[in-house]
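Q: After the structure tokens below, expect a handful of questions from me.
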Amino acid sequence: METLIDNAQHRKVIDKLEKYQDKLIPVLEDLEASGQMPEDLKRAFDVIDDGGTELGDYVALSDALFTYQGMFPEHVREHIARYREEVQELFQMDEGLQTPNAYDPL
């Protein structure tokens, strides 16, 4: 069975997601170290940080980031918005044909 990472088209989007994650991880780690990270954001972040690559892993982190975006400065919120756009693209590539517009982070 092919995974998201094994598919070349998905891999391009995942590479973009990883670039945004690289920008978000230090901010999330600081938030976690200060004890201010909400539990559901921490769980979603931990799954991705531990190598989670399932579509649901990306969606969970995207949704948690959106929920708590007010905790972050403007430049981080811009990264969150871009991350969510890439997750939406990945979702549409993977499941969008069966369920059009079922996930719209915007």
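Convention: chains lettered A, B, ... in structure tokens order; per-chain residue numbering from 1; ligands numbered from 1 as shown.
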Within 12 Å of stretch 30-32 of chain A, counting only C-alpha atoms, which residues qualify if same-chain residues fewer than 6 places away don't, as a ChimeraX atom specification?

A: /A:24,38-43,45-46,68,71-72

Q: Would you pick out the contacts of A:Arg84 at 10 Å or less, using only C-alpha atoms, so that residues sharing its chain but fewer than 2 positions from it are not included, and give the list as a PyMOL selection string?

A: chain A and resi 17+20+58-59+61-63+65-66+78-82+86-90+104-106

Q: What separation in Å, quoted to one decimal, exists between atom CA of A:Leu28 and atom CA of A:His75?

A: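 Between atom CA of A:Leu28 and atom CA of A:His75 the gap works out to 13.7 Å.
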